[in-house]
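Below: start-v6.csv (CSV, N, CA and C atoms)
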```
chain,number,residue,atom,x,y,z
A,1,MET,N,82.8,-74.7,23.1
A,1,MET,CA,82.8,-73.7,22.1
A,1,MET,C,83.1,-74.4,20.7
A,2,LYS,N,82.7,-73.7,19.7
A,2,LYS,CA,82.8,-74.3,18.3
A,2,LYS,C,84.1,-73.7,17.7
A,3,ILE,N,85.0,-74.5,17.3
A,3,ILE,CA,86.3,-74.1,16.7
A,3,ILE,C,86.3,-74.5,15.2
A,4,SER,N,86.7,-73.6,14.4
A,4,SER,CA,87.0,-73.9,13.0
A,4,SER,C,88.4,-73.5,12.7
A,5,LEU,N,89.3,-74.4,12.3
A,5,LEU,CA,90.7,-74.2,12.0
A,5,LEU,C,91.0,-74.5,10.6
A,6,TYR,N,91.3,-73.5,9.7
A,6,TYR,CA,91.5,-73.8,8.3
A,6,TYR,C,92.9,-73.4,7.9
A,7,SER,N,93.5,-74.2,7.0
A,7,SER,CA,94.7,-73.8,6.3
A,7,SER,C,94.2,-73.3,4.9
A,8,LEU,N,95.2,-72.9,4.1
A,8,LEU,CA,94.8,-72.4,2.8
A,8,LEU,C,94.4,-73.5,1.9
A,9,LYS,N,94.6,-74.8,2.3
A,9,LYS,CA,94.3,-75.9,1.4
A,9,LYS,C,93.2,-76.8,2.0
A,10,LYS,N,93.0,-76.8,3.3
A,10,LYS,CA,92.1,-77.8,3.9
A,10,LYS,C,91.6,-77.4,5.3
A,11,ILE,N,90.6,-78.1,5.7
A,11,ILE,CA,90.1,-77.9,7.1
A,11,ILE,C,90.9,-78.8,8.0
A,12,LEU,N,91.6,-78.1,9.0
A,12,LEU,CA,92.4,-78.9,9.9
A,12,LEU,C,91.6,-79.4,11.1
A,13,PHE,N,90.7,-78.6,11.6
A,13,PHE,CA,89.8,-79.0,12.7
A,13,PHE,C,88.5,-78.2,12.7
A,14,GLN,N,87.4,-78.9,12.9
A,14,GLN,CA,86.1,-78.3,13.0
A,14,GLN,C,85.3,-79.1,13.9
A,15,GLY,N,84.8,-78.4,15.0
A,15,GLY,CA,84.0,-79.1,16.0
A,15,GLY,C,84.0,-78.4,17.3
A,16,ASP,N,83.4,-79.1,18.3
A,16,ASP,CA,83.4,-78.5,19.7
A,16,ASP,C,84.6,-78.8,20.4
A,17,ALA,N,85.1,-77.9,21.2
A,17,ALA,CA,86.3,-78.1,22.0
A,17,ALA,C,86.3,-77.3,23.3
A,18,GLN,N,87.2,-77.7,24.2
A,18,GLN,CA,87.2,-77.0,25.5
A,18,GLN,C,88.2,-75.8,25.5
A,19,LEU,N,89.3,-76.0,24.7
A,19,LEU,CA,90.2,-74.8,24.7
A,19,LEU,C,91.0,-74.9,23.4
A,20,LEU,N,91.6,-73.7,23.1
A,20,LEU,CA,92.5,-73.5,22.0
A,20,LEU,C,93.7,-72.7,22.6
A,21,ASN,N,94.9,-73.2,22.4
A,21,ASN,CA,96.1,-72.5,22.8
A,21,ASN,C,97.0,-72.2,21.6
A,22,CYS,N,97.5,-70.9,21.5
A,22,CYS,CA,98.3,-70.5,20.4
A,22,CYS,C,99.2,-69.3,20.7
A,23,LYS,N,100.1,-69.0,19.8
A,23,LYS,CA,101.0,-67.9,20.0
A,23,LYS,C,100.6,-66.8,19.1
A,24,THR,N,100.4,-65.6,19.8
A,24,THR,CA,100.1,-64.4,19.0
A,24,THR,C,101.3,-63.4,19.0
A,25,MET,N,101.1,-62.3,18.4
A,25,MET,CA,102.2,-61.3,18.3
A,25,MET,C,102.5,-60.8,19.7
A,26,SER,N,101.5,-60.8,20.6
A,26,SER,CA,101.7,-60.3,22.0
A,26,SER,C,102.1,-61.4,23.0
A,27,GLY,N,102.1,-62.6,22.6
A,27,GLY,CA,102.4,-63.7,23.5
A,27,GLY,C,101.4,-64.9,23.4
A,28,GLU,N,101.6,-65.9,24.2
A,28,GLU,CA,100.8,-67.1,24.1
A,28,GLU,C,99.4,-66.8,24.8
A,29,ILE,N,98.3,-67.3,24.2
A,29,ILE,CA,97.0,-67.2,24.8
A,29,ILE,C,96.3,-68.5,24.8
A,30,THR,N,95.3,-68.6,25.7
A,30,THR,CA,94.4,-69.8,25.7
A,30,THR,C,93.0,-69.2,25.6
A,31,VAL,N,92.2,-69.7,24.7
A,31,VAL,CA,90.9,-69.3,24.5
A,31,VAL,C,90.0,-70.4,25.1
A,32,LEU,N,89.1,-70.0,26.0
A,32,LEU,CA,88.2,-70.9,26.7
A,32,LEU,C,86.8,-70.5,26.4
A,33,ASP,N,85.8,-71.3,26.8
A,33,ASP,CA,84.4,-71.0,26.6
A,33,ASP,C,84.1,-69.6,27.0
A,34,ASN,N,83.2,-68.9,26.2
A,34,ASN,CA,82.7,-67.6,26.4
A,34,ASN,C,83.8,-66.5,26.5
A,35,HIS,N,84.9,-66.7,25.8
A,35,HIS,CA,86.0,-65.7,25.7
A,35,HIS,C,85.5,-64.4,25.1
A,36,ILE,N,86.1,-63.3,25.5
A,36,ILE,CA,85.8,-62.0,25.0
A,36,ILE,C,86.1,-62.0,23.5
A,37,SER,N,85.4,-61.2,22.7
A,37,SER,CA,85.6,-61.1,21.3
A,37,SER,C,87.1,-60.6,21.0
A,38,LEU,N,87.7,-61.1,20.0
A,38,LEU,CA,89.1,-60.8,19.7
A,38,LEU,C,89.5,-61.1,18.3
A,39,ILE,N,90.3,-60.3,17.7
A,39,ILE,CA,91.0,-60.6,16.4
A,39,ILE,C,92.4,-60.3,16.6
A,40,THR,N,93.3,-61.3,16.3
A,40,THR,CA,94.7,-61.1,16.4
A,40,THR,C,95.5,-62.0,15.4
A,41,ALA,N,96.7,-61.5,15.1
A,41,ALA,CA,97.6,-62.3,14.3
A,41,ALA,C,98.3,-63.4,15.0
A,42,LEU,N,98.5,-64.5,14.4
A,42,LEU,CA,99.2,-65.6,15.0
A,42,LEU,C,100.7,-65.7,14.4
A,43,THR,N,101.6,-66.1,15.3
A,43,THR,CA,103.0,-66.3,14.9
A,43,THR,C,103.3,-67.8,14.8
A,44,SER,N,104.5,-68.0,14.3
A,44,SER,CA,105.0,-69.4,14.1
A,44,SER,C,104.9,-70.2,15.5
A,45,GLY,N,104.4,-71.4,15.4
A,45,GLY,CA,104.3,-72.2,16.6
A,45,GLY,C,103.3,-73.3,16.5
A,46,ILE,N,102.8,-73.8,17.6
A,46,ILE,CA,101.9,-74.9,17.6
A,46,ILE,C,100.5,-74.5,18.1
A,47,ILE,N,99.5,-74.8,17.4
A,47,ILE,CA,98.1,-74.5,17.9
A,47,ILE,C,97.7,-75.8,18.6
A,48,LYS,N,97.3,-75.7,19.8
A,48,LYS,CA,96.8,-76.9,20.6
A,48,LYS,C,95.3,-76.7,20.8
A,49,VAL,N,94.5,-77.8,20.4
A,49,VAL,CA,93.1,-77.8,20.6
A,49,VAL,C,92.8,-79.0,21.5
A,50,VAL,N,92.0,-78.8,22.5
A,50,VAL,CA,91.6,-79.9,23.4
A,50,VAL,C,90.1,-80.1,23.1
A,51,ASP,N,89.7,-81.2,22.5
A,51,ASP,CA,88.3,-81.4,22.2
A,51,ASP,C,87.4,-81.8,23.4
A,52,LYS,N,86.1,-82.0,23.2
A,52,LYS,CA,85.2,-82.3,24.3
A,52,LYS,C,85.5,-83.6,25.0
A,53,ASN,N,86.2,-84.5,24.3
A,53,ASN,CA,86.6,-85.8,24.8
A,53,ASN,C,87.9,-85.8,25.5
A,54,GLN,N,88.5,-84.6,25.7
A,54,GLN,CA,89.8,-84.5,26.4
A,54,GLN,C,91.0,-84.9,25.4
A,55,LYS,N,90.7,-85.1,24.2
A,55,LYS,CA,91.8,-85.5,23.2
A,55,LYS,C,92.5,-84.2,22.8
A,56,GLU,N,93.8,-84.3,22.8
A,56,GLU,CA,94.6,-83.1,22.3
A,56,GLU,C,95.0,-83.2,20.9
A,57,HIS,N,94.8,-82.1,20.1
A,57,HIS,CA,95.2,-82.0,18.7
A,57,HIS,C,96.3,-80.9,18.6
A,58,PHE,N,97.3,-81.2,17.8
A,58,PHE,CA,98.4,-80.2,17.6
A,58,PHE,C,98.6,-79.9,16.2
A,59,PHE,N,98.7,-78.6,15.9
A,59,PHE,CA,98.8,-78.2,14.5
A,59,PHE,C,100.0,-77.2,14.4
A,60,PRO,N,101.1,-77.5,13.7
A,60,PRO,CA,102.2,-76.6,13.6
A,60,PRO,C,101.8,-75.6,12.5
A,61,ILE,N,102.1,-74.3,12.7
A,61,ILE,CA,101.7,-73.2,11.8
A,61,ILE,C,102.9,-72.3,11.6
A,62,LYS,N,102.9,-71.6,10.5
A,62,LYS,CA,103.9,-70.5,10.2
A,62,LYS,C,103.3,-69.1,10.6
A,63,SER,N,102.1,-68.9,10.3
A,63,SER,CA,101.4,-67.7,10.6
A,63,SER,C,99.9,-67.8,10.5
A,64,GLY,N,99.2,-66.8,10.8
A,64,GLY,CA,97.7,-66.8,10.6
A,64,GLY,C,97.0,-65.8,11.4
A,65,PHE,N,95.7,-66.0,11.4
A,65,PHE,CA,94.8,-65.0,12.1
A,65,PHE,C,93.8,-65.8,13.0
A,66,LEU,N,93.5,-65.3,14.2
A,66,LEU,CA,92.5,-65.8,15.1
A,66,LEU,C,91.4,-64.8,15.3
A,67,GLU,N,90.2,-65.3,15.2
A,67,GLU,CA,89.0,-64.5,15.5
A,67,GLU,C,88.1,-65.2,16.5
A,68,VAL,N,87.9,-64.6,17.6
A,68,VAL,CA,86.9,-65.1,18.6
A,68,VAL,C,85.6,-64.3,18.5
A,69,LEU,N,84.5,-64.9,18.2
A,69,LEU,CA,83.3,-64.3,17.9
A,69,LEU,C,82.3,-64.4,19.1
A,70,SER,N,81.4,-63.5,19.2
A,70,SER,CA,80.3,-63.7,20.2
A,70,SER,C,79.5,-65.0,19.8
A,71,GLY,N,78.9,-65.6,20.8
A,71,GLY,CA,78.2,-66.9,20.4
A,71,GLY,C,79.1,-68.1,20.6
A,72,ASN,N,80.3,-67.9,21.3
A,72,ASN,CA,81.2,-69.0,21.7
A,72,ASN,C,81.7,-69.7,20.4
A,73,GLU,N,82.2,-68.9,19.5
A,73,GLU,CA,82.7,-69.4,18.2
A,73,GLU,C,84.1,-68.9,18.0
A,74,VAL,N,85.0,-69.7,17.5
A,74,VAL,CA,86.4,-69.4,17.2
A,74,VAL,C,86.8,-69.8,15.8
A,75,ARG,N,87.4,-68.9,15.1
A,75,ARG,CA,87.9,-69.2,13.7
A,75,ARG,C,89.3,-68.9,13.6
A,76,CYS,N,90.1,-69.8,12.9
A,76,CYS,CA,91.5,-69.5,12.6
A,76,CYS,C,91.7,-69.8,11.2
A,77,ILE,N,92.5,-68.9,10.5
A,77,ILE,CA,93.0,-69.2,9.2
A,77,ILE,C,94.5,-69.2,9.3
A,78,VAL,N,95.2,-70.3,8.9
A,78,VAL,CA,96.6,-70.4,9.1
A,78,VAL,C,97.4,-70.8,7.9
A,79,GLU,N,98.7,-70.5,7.9
A,79,GLU,CA,99.6,-71.1,6.9
A,79,GLU,C,100.4,-72.1,7.6
A,80,GLU,N,100.4,-73.3,7.0
A,80,GLU,CA,101.1,-74.5,7.6
A,80,GLU,C,102.6,-74.4,7.2
```

Could you express the structure from this file as structure tokens?
Amino acid sequence: MKISLYSLKKILFQGDAQLLNCKTMSGEITVLDNHISLITALTSGIIKVVDKNQKEHFFPIKSGFLEVLSGNEVRCIVEE
């Protein structure tokens, strides 16, 4: 899936990945390939992205929004 992770100042991650794990208002979720469409608020915590090469990337955030789109695309806008 294609993930775009943006802060208010810069691009944190952009590219293909296997999964994204984050904390939402309802609890922790993991987004995998072909996830159902979703829009949710993110809470303070760590966003974990595992890229296609199995490399893990960690991004501490204060808050933000997650949008899972049809077409296997994920967008996050976060406050660091």

Interatomic distance, CA of Leu5 in chain A to CA of Val74 in chain A (Å, one decimal):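 Taking CA of Leu5 in chain A and CA of Val74 in chain A, their separation equals 8.3 Å.
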
Interatomic distance (Å, one decimal) between CA of Asn53 in chain A and atom N of Gly27 in chain A: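 Distance between the two atoms: 28.0 Å.
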
Pairwise distance for CA of Gln18 in chain A and atom N of Ser44 in chain A, rounded to one decimal in Å: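 Separation of CA of Gln18 in chain A and atom N of Ser44 in chain A: 22.5 Å.
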
Within 7 Å of Phe65 in chain A using all atoms listed in the file, minus same-chain residues under 3 positions, as an MDAnalysis selection string: chainID A and resid 39:42 75:79

Given the selection you just returned, output its residues as a file containing N, CA and C atoms, formatted as a short mmCIF file (atom, residue, chain, number, x, y, z; two decimals), keeping the file's coordinate frame.
```cif
data_model
loop_
_atom_site.label_atom_id
_atom_site.label_comp_id
_atom_site.auth_asym_id
_atom_site.auth_seq_id
_atom_site.Cartn_x
_atom_site.Cartn_y
_atom_site.Cartn_z
N ILE A 39 90.30 -60.30 17.70
CA ILE A 39 91.00 -60.60 16.40
C ILE A 39 92.40 -60.30 16.60
N THR A 40 93.30 -61.30 16.30
CA THR A 40 94.70 -61.10 16.40
C THR A 40 95.50 -62.00 15.40
N ALA A 41 96.70 -61.50 15.10
CA ALA A 41 97.60 -62.30 14.30
C ALA A 41 98.30 -63.40 15.00
N LEU A 42 98.50 -64.50 14.40
CA LEU A 42 99.20 -65.60 15.00
C LEU A 42 100.70 -65.70 14.40
N ARG A 75 87.40 -68.90 15.10
CA ARG A 75 87.90 -69.20 13.70
C ARG A 75 89.30 -68.90 13.60
N CYS A 76 90.10 -69.80 12.90
CA CYS A 76 91.50 -69.50 12.60
C CYS A 76 91.70 -69.80 11.20
N ILE A 77 92.50 -68.90 10.50
CA ILE A 77 93.00 -69.20 9.20
C ILE A 77 94.50 -69.20 9.30
N VAL A 78 95.20 -70.30 8.90
CA VAL A 78 96.60 -70.40 9.10
C VAL A 78 97.40 -70.80 7.90
N GLU A 79 98.70 -70.50 7.90
CA GLU A 79 99.60 -71.10 6.90
C GLU A 79 100.40 -72.10 7.60
#
```

Strand (DSSP E or B) residues, from DSSP on the backbone, in chain A, as a ChimeraX atom specification: /A:2-7,11-24,27-32,38-42,45-51,56-61,63-69,73-79

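Residues in contact range of Val50 in chain A, defined as at most 6.5 Å between all atoms listed in the file, with sequence neighbours fewer than 2 positions away removed, read Asp16, Ala17, Gln18, Leu19, Leu20, Asn21, Lys48, Lys52, Asn53, Gln54, Lys55, Glu56 and His57 of chain A.
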
Minimum-distance residue to Lys62 in chain A, chosen among A:Ile29, A:Thr24, A:His35, A:Val49 (using only C-alpha atoms):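 Ranked by minimum distance to Lys62 in chain A, first place goes to A:Thr24.
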
Minimum-distance residue to Tyr6 in chain A, chosen among A:Asp33, A:Val68, A:Phe59, A:Leu38 (using only C-alpha atoms): A:Phe59

Top pick for closest residue to Thr43 in chain A, considering A:Gln14, A:Pro60, A:Asn72, A:Met25 and counting all atoms listed in the file: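 Under the stated criterion, the closest residue is A:Met25.
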
Can you give me all heavy atoms for range 5-16 of chain A, written as a PDB file, in the frame of the given file?
```
ATOM      1  N   LEU A   5      89.300 -74.400  12.300  1.00  0.00           N
ATOM      2  CA  LEU A   5      90.700 -74.200  12.000  1.00  0.00           C
ATOM      3  C   LEU A   5      91.000 -74.500  10.600  1.00  0.00           C
ATOM      4  O   LEU A   5      90.837 -75.723  10.209  1.00  0.00           O
ATOM      5  CB  LEU A   5      91.532 -74.967  12.978  1.00  0.00           C
ATOM      6  CG  LEU A   5      93.039 -74.869  12.872  1.00  0.00           C
ATOM      7  CD1 LEU A   5      93.519 -73.437  13.053  1.00  0.00           C
ATOM      8  CD2 LEU A   5      93.695 -75.766  13.905  1.00  0.00           C
ATOM      9  N   TYR A   6      91.300 -73.500   9.700  1.00  0.00           N
ATOM     10  CA  TYR A   6      91.500 -73.800   8.300  1.00  0.00           C
ATOM     11  C   TYR A   6      92.900 -73.400   7.900  1.00  0.00           C
ATOM     12  O   TYR A   6      93.433 -72.401   8.355  1.00  0.00           O
ATOM     13  CB  TYR A   6      90.538 -72.866   7.492  1.00  0.00           C
ATOM     14  CG  TYR A   6      89.082 -72.977   7.830  1.00  0.00           C
ATOM     15  CD1 TYR A   6      88.445 -72.005   8.579  1.00  0.00           C
ATOM     16  CD2 TYR A   6      88.328 -74.050   7.387  1.00  0.00           C
ATOM     17  CE1 TYR A   6      87.093 -72.082   8.884  1.00  0.00           C
ATOM     18  CE2 TYR A   6      86.973 -74.145   7.684  1.00  0.00           C
ATOM     19  CZ  TYR A   6      86.371 -73.165   8.427  1.00  0.00           C
ATOM     20  OH  TYR A   6      85.040 -73.254   8.726  1.00  0.00           O
ATOM     21  N   SER A   7      93.500 -74.200   7.000  1.00  0.00           N
ATOM     22  CA  SER A   7      94.700 -73.800   6.300  1.00  0.00           C
ATOM     23  C   SER A   7      94.200 -73.300   4.900  1.00  0.00           C
ATOM     24  O   SER A   7      93.040 -73.303   4.634  1.00  0.00           O
ATOM     25  CB  SER A   7      95.651 -74.981   6.150  1.00  0.00           C
ATOM     26  OG  SER A   7      95.207 -75.873   5.155  1.00  0.00           O
ATOM     27  N   LEU A   8      95.200 -72.900   4.100  1.00  0.00           N
ATOM     28  CA  LEU A   8      94.800 -72.400   2.800  1.00  0.00           C
ATOM     29  C   LEU A   8      94.400 -73.500   1.900  1.00  0.00           C
ATOM     30  O   LEU A   8      93.730 -73.278   0.870  1.00  0.00           O
ATOM     31  CB  LEU A   8      95.983 -71.639   2.189  1.00  0.00           C
ATOM     32  CG  LEU A   8      96.439 -70.401   2.980  1.00  0.00           C
ATOM     33  CD1 LEU A   8      97.683 -69.806   2.349  1.00  0.00           C
ATOM     34  CD2 LEU A   8      95.335 -69.370   3.060  1.00  0.00           C
ATOM     35  N   LYS A   9      94.600 -74.800   2.300  1.00  0.00           N
ATOM     36  CA  LYS A   9      94.300 -75.900   1.400  1.00  0.00           C
ATOM     37  C   LYS A   9      93.200 -76.800   2.000  1.00  0.00           C
ATOM     38  O   LYS A   9      92.642 -77.590   1.228  1.00  0.00           O
ATOM     39  CB  LYS A   9      95.587 -76.730   1.182  1.00  0.00           C
ATOM     40  CG  LYS A   9      96.641 -75.960   0.429  1.00  0.00           C
ATOM     41  CD  LYS A   9      97.871 -76.797   0.180  1.00  0.00           C
ATOM     42  CE  LYS A   9      98.924 -75.981  -0.533  1.00  0.00           C
ATOM     43  NZ  LYS A   9     100.132 -76.748  -0.771  1.00  0.00           N
ATOM     44  N   LYS A  10      93.000 -76.800   3.300  1.00  0.00           N
ATOM     45  CA  LYS A  10      92.100 -77.800   3.900  1.00  0.00           C
ATOM     46  C   LYS A  10      91.600 -77.400   5.300  1.00  0.00           C
ATOM     47  O   LYS A  10      92.080 -76.447   5.854  1.00  0.00           O
ATOM     48  CB  LYS A  10      92.754 -79.190   3.994  1.00  0.00           C
ATOM     49  CG  LYS A  10      93.957 -79.207   4.921  1.00  0.00           C
ATOM     50  CD  LYS A  10      94.652 -80.548   4.917  1.00  0.00           C
ATOM     51  CE  LYS A  10      95.927 -80.474   5.758  1.00  0.00           C
ATOM     52  NZ  LYS A  10      96.659 -81.705   5.728  1.00  0.00           N
ATOM     53  N   ILE A  11      90.600 -78.100   5.700  1.00  0.00           N
ATOM     54  CA  ILE A  11      90.100 -77.900   7.100  1.00  0.00           C
ATOM     55  C   ILE A  11      90.900 -78.800   8.000  1.00  0.00           C
ATOM     56  O   ILE A  11      91.027 -79.981   7.856  1.00  0.00           O
ATOM     57  CB  ILE A  11      88.594 -78.340   7.198  1.00  0.00           C
ATOM     58  CG1 ILE A  11      87.725 -77.485   6.287  1.00  0.00           C
ATOM     59  CG2 ILE A  11      88.121 -78.264   8.641  1.00  0.00           C
ATOM     60  CD1 ILE A  11      86.295 -77.963   6.162  1.00  0.00           C
ATOM     61  N   LEU A  12      91.600 -78.100   9.000  1.00  0.00           N
ATOM     62  CA  LEU A  12      92.400 -78.900   9.900  1.00  0.00           C
ATOM     63  C   LEU A  12      91.600 -79.400  11.100  1.00  0.00           C
ATOM     64  O   LEU A  12      91.878 -80.494  11.616  1.00  0.00           O
ATOM     65  CB  LEU A  12      93.532 -77.940  10.452  1.00  0.00           C
ATOM     66  CG  LEU A  12      94.461 -77.383   9.372  1.00  0.00           C
ATOM     67  CD1 LEU A  12      95.401 -76.355   9.965  1.00  0.00           C
ATOM     68  CD2 LEU A  12      95.239 -78.506   8.716  1.00  0.00           C
ATOM     69  N   PHE A  13      90.700 -78.600  11.600  1.00  0.00           N
ATOM     70  CA  PHE A  13      89.800 -79.000  12.700  1.00  0.00           C
ATOM     71  C   PHE A  13      88.500 -78.200  12.700  1.00  0.00           C
ATOM     72  O   PHE A  13      88.516 -77.045  12.403  1.00  0.00           O
ATOM     73  CB  PHE A  13      90.492 -78.724  14.084  1.00  0.00           C
ATOM     74  CG  PHE A  13      89.693 -79.187  15.271  1.00  0.00           C
ATOM     75  CD1 PHE A  13      89.854 -80.472  15.773  1.00  0.00           C
ATOM     76  CD2 PHE A  13      88.764 -78.359  15.881  1.00  0.00           C
ATOM     77  CE1 PHE A  13      89.118 -80.910  16.871  1.00  0.00           C
ATOM     78  CE2 PHE A  13      88.018 -78.773  16.969  1.00  0.00           C
ATOM     79  CZ  PHE A  13      88.191 -80.061  17.466  1.00  0.00           C
ATOM     80  N   GLN A  14      87.400 -78.900  12.900  1.00  0.00           N
ATOM     81  CA  GLN A  14      86.100 -78.300  13.000  1.00  0.00           C
ATOM     82  C   GLN A  14      85.300 -79.100  13.900  1.00  0.00           C
ATOM     83  O   GLN A  14      85.052 -80.257  13.767  1.00  0.00           O
ATOM     84  CB  GLN A  14      85.477 -78.235  11.592  1.00  0.00           C
ATOM     85  CG  GLN A  14      84.321 -77.278  11.517  1.00  0.00           C
ATOM     86  CD  GLN A  14      83.954 -76.957  10.075  1.00  0.00           C
ATOM     87  OE1 GLN A  14      84.096 -77.801   9.188  1.00  0.00           O
ATOM     88  NE2 GLN A  14      83.489 -75.758   9.844  1.00  0.00           N
ATOM     89  N   GLY A  15      84.800 -78.400  15.000  1.00  0.00           N
ATOM     90  CA  GLY A  15      84.000 -79.100  16.000  1.00  0.00           C
ATOM     91  C   GLY A  15      84.000 -78.400  17.300  1.00  0.00           C
ATOM     92  O   GLY A  15      84.581 -77.313  17.500  1.00  0.00           O
ATOM     93  N   ASP A  16      83.400 -79.100  18.300  1.00  0.00           N
ATOM     94  CA  ASP A  16      83.400 -78.500  19.700  1.00  0.00           C
ATOM     95  C   ASP A  16      84.600 -78.800  20.400  1.00  0.00           C
ATOM     96  O   ASP A  16      85.224 -79.916  20.250  1.00  0.00           O
ATOM     97  CB  ASP A  16      82.174 -79.138  20.433  1.00  0.00           C
ATOM     98  CG  ASP A  16      80.842 -78.646  19.903  1.00  0.00           C
ATOM     99  OD1 ASP A  16      80.776 -77.478  19.486  1.00  0.00           O
ATOM    100  OD2 ASP A  16      79.877 -79.418  19.909  1.00  0.00           O
TER     101      ASP A  16
END
```
